[in-house]
file final36.cif (mmCIF, C-alpha atoms)
data_start
loop_
_atom_site.label_atom_id
_atom_site.label_comp_id
_atom_site.auth_asym_id
_atom_site.auth_seq_id
_atom_site.Cartn_x
_atom_site.Cartn_y
_atom_site.Cartn_z
CA MET A 463 53.17 -41.92 -59.51
CA ASP A 464 50.73 -43.16 -56.89
CA ALA A 465 51.69 -44.92 -53.69
CA VAL A 466 49.75 -46.56 -50.86
CA MET A 467 50.83 -46.34 -47.23
CA LEU A 468 49.37 -48.92 -44.85
CA VAL A 469 48.85 -47.17 -41.52
CA GLY A 470 45.92 -49.07 -40.04
CA GLY A 471 47.69 -51.14 -37.37
CA GLN A 472 46.85 -50.74 -33.69
CA GLY A 473 50.38 -51.34 -32.38
CA THR A 474 49.32 -53.61 -29.53
CA ARG A 475 52.96 -54.40 -28.64
CA LEU A 476 53.47 -50.69 -27.89
CA ARG A 477 50.62 -50.21 -25.44
CA PRO A 478 50.05 -47.97 -23.52
CA LEU A 479 51.79 -45.62 -26.02
CA THR A 480 49.26 -46.55 -28.72
CA MET A 481 46.19 -46.06 -26.54
CA SER A 482 46.12 -42.40 -27.62
CA ALA A 483 47.72 -42.57 -31.08
CA PRO A 484 48.23 -45.18 -33.81
CA LYS A 485 51.75 -46.61 -34.04
CA PRO A 486 52.61 -44.87 -37.35
CA MET A 487 51.87 -41.52 -35.69
CA LEU A 488 54.19 -42.02 -32.71
CA PRO A 489 57.13 -39.59 -32.86
CA VAL A 490 60.59 -40.67 -33.98
CA ALA A 491 63.20 -37.91 -33.67
CA GLY A 492 60.46 -35.37 -33.10
CA VAL A 493 57.97 -36.16 -35.88
CA PRO A 494 55.68 -39.13 -36.63
CA VAL A 495 57.31 -42.09 -38.35
CA THR A 496 54.75 -41.61 -41.16
CA ALA A 497 56.22 -38.15 -41.81
CA HIS A 498 59.65 -39.68 -42.37
CA MET A 499 58.31 -42.27 -44.82
CA LEU A 500 56.16 -39.75 -46.68
CA ALA A 501 59.28 -37.61 -47.07
CA ARG A 502 61.14 -40.63 -48.49
CA ALA A 503 58.31 -41.17 -50.98
CA ARG A 504 58.27 -37.49 -52.00
CA ASP A 505 62.05 -37.41 -52.39
CA ALA A 506 61.80 -40.45 -54.69
CA GLY A 507 59.48 -38.60 -57.06
CA ILE A 508 56.15 -39.95 -55.81
CA ASP A 509 53.63 -37.11 -55.78
CA ARG A 510 50.44 -38.73 -54.51
CA VAL A 511 49.92 -41.11 -51.58
CA VAL A 512 46.73 -42.84 -50.44
CA LEU A 513 46.82 -43.58 -46.70
CA ALA A 514 44.97 -46.77 -45.78
CA THR A 515 43.81 -46.00 -42.25
CA SER A 516 41.79 -47.81 -39.61
CA TYR A 517 42.62 -47.32 -35.91
CA ARG A 518 42.36 -43.64 -34.85
CA ALA A 519 42.05 -42.70 -38.53
CA GLU A 520 41.22 -39.06 -37.80
CA VAL A 521 44.69 -38.41 -36.34
CA PHE A 522 46.38 -38.74 -39.74
CA GLU A 523 44.23 -36.19 -41.54
CA GLU A 524 44.42 -33.78 -38.60
CA TYR A 525 48.22 -33.83 -38.82
CA PHE A 526 48.91 -34.09 -42.56
CA GLY A 527 45.80 -32.48 -44.08
CA ASP A 528 45.77 -32.56 -47.86
CA GLY A 529 49.54 -33.10 -47.91
CA SER A 530 50.42 -29.77 -49.53
CA ALA A 531 52.59 -28.71 -46.59
CA HIS A 532 54.61 -31.90 -47.14
CA GLY A 533 54.93 -31.56 -50.91
CA LEU A 534 52.42 -34.31 -51.62
CA GLU A 535 48.82 -34.92 -52.55
CA LEU A 536 47.27 -37.09 -49.86
CA GLU A 537 44.02 -39.04 -49.75
CA TYR A 538 42.60 -41.12 -46.93
CA VAL A 539 40.61 -44.36 -47.04
CA THR A 540 39.40 -45.85 -43.75
CA GLU A 541 38.61 -49.52 -43.11
CA THR A 542 35.41 -50.07 -41.18
CA GLU A 543 36.68 -53.51 -40.11
CA PRO A 544 40.19 -55.03 -40.20
CA LEU A 545 41.01 -56.32 -43.70
CA GLY A 546 44.64 -57.45 -43.39
CA THR A 547 47.44 -56.19 -45.62
CA GLY A 548 45.95 -57.43 -48.89
CA GLY A 549 42.43 -56.35 -48.01
CA ALA A 550 43.65 -52.88 -47.04
CA ILE A 551 45.48 -52.52 -50.37
CA ARG A 552 42.38 -53.64 -52.28
CA ASN A 553 40.22 -51.27 -50.26
CA VAL A 554 41.99 -48.22 -51.71
CA ALA A 555 41.96 -49.42 -55.34
CA GLY A 556 39.17 -47.02 -56.30
CA ARG A 557 41.39 -44.04 -55.40
CA LEU A 558 44.33 -45.13 -57.57
CA ARG A 559 45.01 -43.60 -60.94
CA GLY A 560 46.69 -45.10 -63.99
CA GLY A 561 46.21 -48.19 -66.10
CA PRO A 562 46.38 -51.91 -65.30
CA ASP A 563 50.12 -52.19 -66.04
CA ASP A 564 51.20 -49.14 -64.06
CA PRO A 565 53.39 -49.64 -60.97
CA ILE A 566 51.98 -48.77 -57.53
CA VAL A 567 54.37 -48.54 -54.57
CA ILE A 568 53.07 -49.96 -51.28
CA PHE A 569 54.64 -49.04 -47.92
CA ASN A 570 54.09 -50.39 -44.44
CA GLY A 571 53.78 -47.24 -42.36
CA ASP A 572 55.56 -48.58 -39.26
CA ILE A 573 58.92 -49.30 -40.93
CA LEU A 574 61.86 -46.90 -40.92
CA SER A 575 63.82 -47.58 -44.09
CA GLY A 576 66.59 -46.05 -46.19
CA LEU A 577 65.54 -48.04 -49.26
CA ASP A 578 66.29 -46.51 -52.69
CA ILE A 579 62.67 -46.47 -53.84
CA GLN A 580 63.52 -45.54 -57.43
CA ALA A 581 65.90 -48.52 -57.65
CA LEU A 582 63.08 -50.80 -56.46
CA ILE A 583 60.78 -49.39 -59.15
CA ARG A 584 63.47 -49.80 -61.84
CA ARG A 585 63.95 -53.44 -60.81
CA HIS A 586 60.20 -54.02 -61.06
CA THR A 587 59.89 -52.38 -64.47
CA ALA A 588 62.97 -54.04 -65.98
CA ALA A 589 61.75 -57.49 -64.90
CA ASP A 590 58.16 -56.83 -66.05
CA ALA A 591 57.10 -58.32 -62.72
CA ALA A 592 53.60 -58.58 -61.28
CA VAL A 593 55.01 -57.75 -57.83
CA THR A 594 58.48 -56.83 -56.63
CA LEU A 595 59.36 -57.10 -52.95
CA HIS A 596 61.96 -55.23 -50.98
CA LEU A 597 63.90 -57.83 -48.96
CA THR A 598 66.38 -57.16 -46.19
CA GLU A 599 68.87 -59.38 -44.37
CA VAL A 600 68.56 -59.89 -40.62
CA PRO A 601 71.03 -61.67 -38.31
CA ASP A 602 68.37 -64.00 -36.89
CA PRO A 603 65.47 -64.60 -39.31
CA ARG A 604 63.68 -67.13 -37.09
CA ALA A 605 61.34 -64.41 -35.78
CA PHE A 606 60.25 -63.46 -39.30
CA GLY A 607 58.74 -64.95 -42.41
CA VAL A 608 61.57 -65.59 -44.87
CA VAL A 609 61.59 -65.24 -48.66
CA PRO A 610 63.89 -67.60 -50.63
CA VAL A 611 64.89 -66.43 -54.13
CA ASP A 612 66.56 -68.14 -57.10
CA ALA A 613 69.69 -67.11 -58.99
CA ASP A 614 67.66 -64.79 -61.24
CA GLY A 615 66.10 -62.93 -58.30
CA ARG A 616 62.70 -64.58 -58.58
CA VAL A 617 60.86 -65.33 -55.34
CA THR A 618 60.40 -69.09 -55.02
CA GLU A 619 58.28 -69.34 -51.85
CA PHE A 620 57.09 -67.60 -48.70
CA LEU A 621 57.89 -69.36 -45.44
CA GLU A 622 56.38 -68.52 -42.09
CA LYS A 623 58.49 -68.48 -38.95
CA THR A 624 60.63 -71.60 -38.84
CA PRO A 625 63.41 -72.79 -36.47
CA ASP A 626 65.72 -73.53 -39.42
CA PRO A 627 65.24 -70.82 -42.08
CA PRO A 628 66.87 -71.50 -45.48
CA THR A 629 67.75 -67.79 -45.91
CA ASN A 630 68.16 -64.66 -43.82
CA LEU A 631 66.23 -62.56 -46.34
CA ILE A 632 62.90 -61.33 -44.97
CA ASN A 633 60.00 -59.31 -46.32
CA ALA A 634 60.92 -55.69 -45.55
CA GLY A 635 57.40 -54.27 -45.99
CA CYS A 636 57.73 -52.29 -49.21
CA TYR A 637 56.44 -53.55 -52.57
CA VAL A 638 55.72 -52.50 -56.12
CA PHE A 639 52.45 -53.95 -57.45
CA ARG A 640 51.24 -53.98 -61.00
CA ARG A 641 47.90 -52.18 -60.74
CA SER A 642 46.01 -55.17 -62.18
CA VAL A 643 47.25 -57.35 -59.29
CA ILE A 644 45.66 -54.97 -56.78
CA ASP A 645 42.38 -55.10 -58.69
CA SER A 646 42.45 -58.93 -58.57
CA ILE A 647 42.53 -59.12 -54.74
CA ALA A 648 39.25 -60.28 -53.19
CA VAL A 649 36.95 -57.47 -52.06
CA GLY A 650 35.32 -56.99 -48.67
CA ARG A 651 37.12 -59.62 -46.62
CA PRO A 652 40.44 -59.95 -44.79
CA VAL A 653 43.32 -60.91 -47.10
CA SER A 654 46.98 -61.43 -46.17
CA VAL A 655 49.46 -60.69 -48.95
CA GLU A 656 52.03 -62.96 -47.28
CA ARG A 657 49.72 -65.94 -46.78
CA GLU A 658 47.33 -65.60 -49.71
CA THR A 659 48.19 -63.05 -52.42
CA PHE A 660 51.89 -63.76 -52.93
CA PRO A 661 51.67 -67.58 -52.66
CA GLY A 662 48.69 -67.47 -55.06
CA LEU A 663 50.74 -65.55 -57.63
CA LEU A 664 53.57 -68.08 -57.35
CA ALA A 665 51.18 -71.02 -57.71
CA ALA A 666 49.81 -69.44 -60.89
CA GLY A 667 53.32 -69.07 -62.32
CA THR A 668 53.19 -65.26 -62.14
CA SER A 669 56.47 -63.36 -61.88
CA VAL A 670 57.22 -62.21 -58.33
CA MET A 671 60.65 -60.59 -58.09
CA ALA A 672 62.92 -59.74 -55.18
CA TYR A 673 64.97 -56.65 -54.54
CA PRO A 674 67.45 -57.57 -51.78
CA ASP A 675 68.93 -54.50 -50.16
CA SER A 676 71.31 -53.81 -47.28
CA THR A 677 70.43 -50.18 -46.52
CA TYR A 678 69.06 -49.07 -43.15
CA TRP A 679 65.91 -50.91 -42.03
CA LEU A 680 64.12 -50.98 -38.68
CA ASP A 681 60.79 -52.48 -37.65
CA LEU A 682 59.31 -50.06 -35.11
CA GLY A 683 57.58 -52.74 -33.10
CA THR A 684 58.88 -52.08 -29.60
CA PRO A 685 59.67 -49.06 -27.40
CA ALA A 686 63.39 -49.91 -27.69
CA ALA A 687 63.11 -49.74 -31.49
CA PHE A 688 61.64 -46.23 -31.26
CA VAL A 689 64.58 -45.14 -29.12
CA GLN A 690 67.01 -46.69 -31.60
CA GLY A 691 65.24 -45.14 -34.58
CA SER A 692 65.29 -41.69 -32.99
CA ARG A 693 68.99 -42.02 -32.20
CA ASP A 694 69.80 -43.19 -35.72
CA LEU A 695 67.89 -40.29 -37.30
CA VAL A 696 69.41 -37.64 -35.04
CA THR A 697 72.98 -38.89 -35.52
CA GLY A 698 72.56 -39.36 -39.28
CA ARG A 699 72.75 -43.14 -39.58
CA MET A 700 69.27 -43.01 -41.14
CA VAL A 701 68.68 -40.05 -43.47
CA SER A 702 65.34 -38.22 -43.53
CA SER A 703 64.44 -34.83 -44.98
CA ALA A 704 61.59 -34.69 -42.41
CA LEU A 705 64.07 -34.40 -39.53
CA PRO A 706 63.21 -31.10 -37.77
CA GLY A 707 66.81 -29.95 -37.32
CA PRO A 708 70.41 -30.65 -38.35
CA VAL A 709 72.09 -34.02 -37.90
CA GLY A 710 74.48 -34.22 -34.95
CA ASP A 711 74.91 -35.53 -31.43
CA TRP A 712 71.57 -34.08 -30.36
CA LEU A 713 68.35 -32.57 -31.67
CA VAL A 714 66.65 -29.87 -29.61
CA LEU A 715 63.08 -29.26 -30.74
CA ALA A 716 61.42 -25.85 -30.81
CA GLY A 717 60.07 -24.96 -27.38
CA ALA A 718 62.59 -27.11 -25.49
CA ALA A 719 65.15 -25.59 -23.13
CA VAL A 720 68.51 -27.17 -22.27
CA ALA A 721 70.51 -26.08 -19.26
CA ALA A 722 73.70 -24.23 -20.18
CA ASP A 723 75.87 -26.67 -18.19
CA ALA A 724 74.22 -29.82 -19.59
CA LYS A 725 76.22 -32.25 -21.71
CA ILE A 726 74.26 -34.12 -24.42
CA SER A 727 75.61 -36.81 -26.73
CA GLY A 728 74.58 -39.90 -28.65
#

call {"tool": "encode", "arguments": {"input": "final36.cif", "output": "structure tokens"}}
result
Amino acid sequence: MDAVMLVGGQGTRLRPLTMSAPKPMLPVAGVPVTAHMLARARDAGIDRVVLATSYRAEVFEEYFGDGSAHGLELEYVTETEPLGTGGAIRNVAGRLRGGPDDPIVIFNGDILSGLDIQALIRRHTAADAAVTLHLTEVPDPRAFGVVPVDADGRVTEFLEKTPDPPTNLINAGCYVFRRSVIDSIAVGRPVSVERETFPGLLAAGTSVMAYPDSTYWLDLGTPAAFVQGSRDLVTGRMVSSALPGPVGDWLVLAGAAVAADAKISG
């Protein structure tokens, strides 16, 4: 199965950290966040991932190469100008395999998530949906776009940030697209899936399904979130086969030295 990982963002909220590296390549518990999410994809049975790159695109290929060292086949497609989430997905369509009804998994590369990817795919296939979205609950959804759903799990609308959200379910940044939906996105211009693609599908009466999930989820948008994500990976709250050492109170990377009388925890 093919997947697409969106790793083109500049990470302006994380400057100056992102002056030298794109946000998805910043280390979390010793390795880039992209390495953790590629490992999640591989462990779910996905064998080929197309990375949609833009800012500092060369850094990804320098680190991951053809993907063989990570148990994957990797390809890279670089935007020459920003295309938004939908435009970036459409920009890699020529590298995708399979027929028009085949499922394609799409990941945002700056999210740390414990989502059961196979369960998301099963939900999509069983519902014969055009798109299925991973949704997660947050305590305060006012800072996010929210996604109301009906009793059957169908998405009913997409709402931008509002002071009185009708639900605490938000778009968690992982989707399954029917391949034909990707091919229908406009070419060569910026497209937002949240503001254009998804509302357009709903307006046309097309089936857009939700997969609400309460597993670990963290938007790595701030320095504090990177600290939290590293802590959660090291202590085992978030599981990743890309973690370069055993789970515990600490993780000491190769080449580091810790004083014999030091006490490390948490």

call {"tool": "resolve_selection", "arguments": {"input": "final36.cif", "expression": "the PyMOL selection byres ((chain A and resi 538-553) around 8)", "output": "PyMOL selection string"}}
result
chain A and resi 466+468+470+512-516+519+523+536-537+554-556+644-645+647-655+659

call {"tool": "resolve_selection", "arguments": {"input": "final36.cif", "expression": "the PyMOL selection byres ((chain A and resi 558-562) around 7)", "output": "ChimeraX atom specification"}}
result
/A:464,555-557,563-564,640-642

call {"tool": "atom_distance", "arguments": {"input": "final36.cif", "atom1": "atom CA of A:Ala686", "atom2": "atom CA of A:Val469"}}
result
20.3 Å

call {"tool": "resolve_selection", "arguments": {"input": "final36.cif", "expression": "the PyMOL selection byres ((chain A and resi 487-503) around 8)", "output": "PyMOL selection string"}}
result
chain A and resi 479-480+483-486+504-509+521-522+532+571-575+579+688-689+691-693+695-696+702-706+713+715

call {"tool": "axis_aligned_box", "arguments": {"input": "final36.cif", "around": "stretch 657-662 of chain A", "padding_each_side": "5 Å", "output": "JSON"}}
result
{"center_x": 49.6, "center_y": -65.3, "center_z": -50.9, "size_x": 14.6, "size_y": 14.5, "size_z": 18.3}

call {"tool": "atom_distance", "arguments": {"input": "final36.cif", "atom1": "atom CA of A:Tyr637", "atom2": "atom CA of A:Val567"}}
result
5.8 Å

call {"tool": "atom_distance", "arguments": {"input": "final36.cif", "atom1": "atom CA of A:Asp602", "atom2": "atom CA of A:Arg616"}}
result
22.4 Å

call {"tool": "closest_residue", "arguments": {"input": "final36.cif", "among": "A:Glu658, A:Glu599, A:Asp612, A:Glu535", "to": "A:Leu631", "atoms": "only C-alpha atoms"}}
result
A:Glu599

call {"tool": "closest_residue", "arguments": {"input": "final36.cif", "among": "A:Gly471, A:Gly717, A:Pro627, A:Gly728", "to": "A:Tyr517", "atoms": "all atoms listed in the file"}}
result
A:Gly471

call {"tool": "residues_near_point", "arguments": {"input": "final36.cif", "point": "(57.5, -56.9, -44.8)", "cutoff": "8 Å", "atoms": "only C-alpha atoms", "output": "PyMOL selection string"}}
result
chain A and resi 570+596-597+632-636

call {"tool": "closest_residue", "arguments": {"input": "final36.cif", "among": "A:Asp723, A:Asp711, A:Asp694, A:Asp614", "to": "A:Tyr678", "atoms": "all atoms listed in the file"}}
result
A:Asp694

call {"tool": "closest_residue", "arguments": {"input": "final36.cif", "among": "A:Thr684, A:Thr697, A:Thr668, A:Ser530", "to": "A:Val617", "atoms": "only C-alpha atoms"}}
result
A:Thr668

call {"tool": "closest_residue", "arguments": {"input": "final36.cif", "among": "A:Pro661, A:Ser669, A:Pro565, A:Ala719", "to": "A:Ala592", "atoms": "all atoms listed in the file"}}
result
A:Ser669

call {"tool": "closest_residue", "arguments": {"input": "final36.cif", "among": "A:Gln690, A:Thr624, A:Thr618, A:Thr594", "to": "A:Gly667", "atoms": "only C-alpha atoms"}}
result
A:Thr618
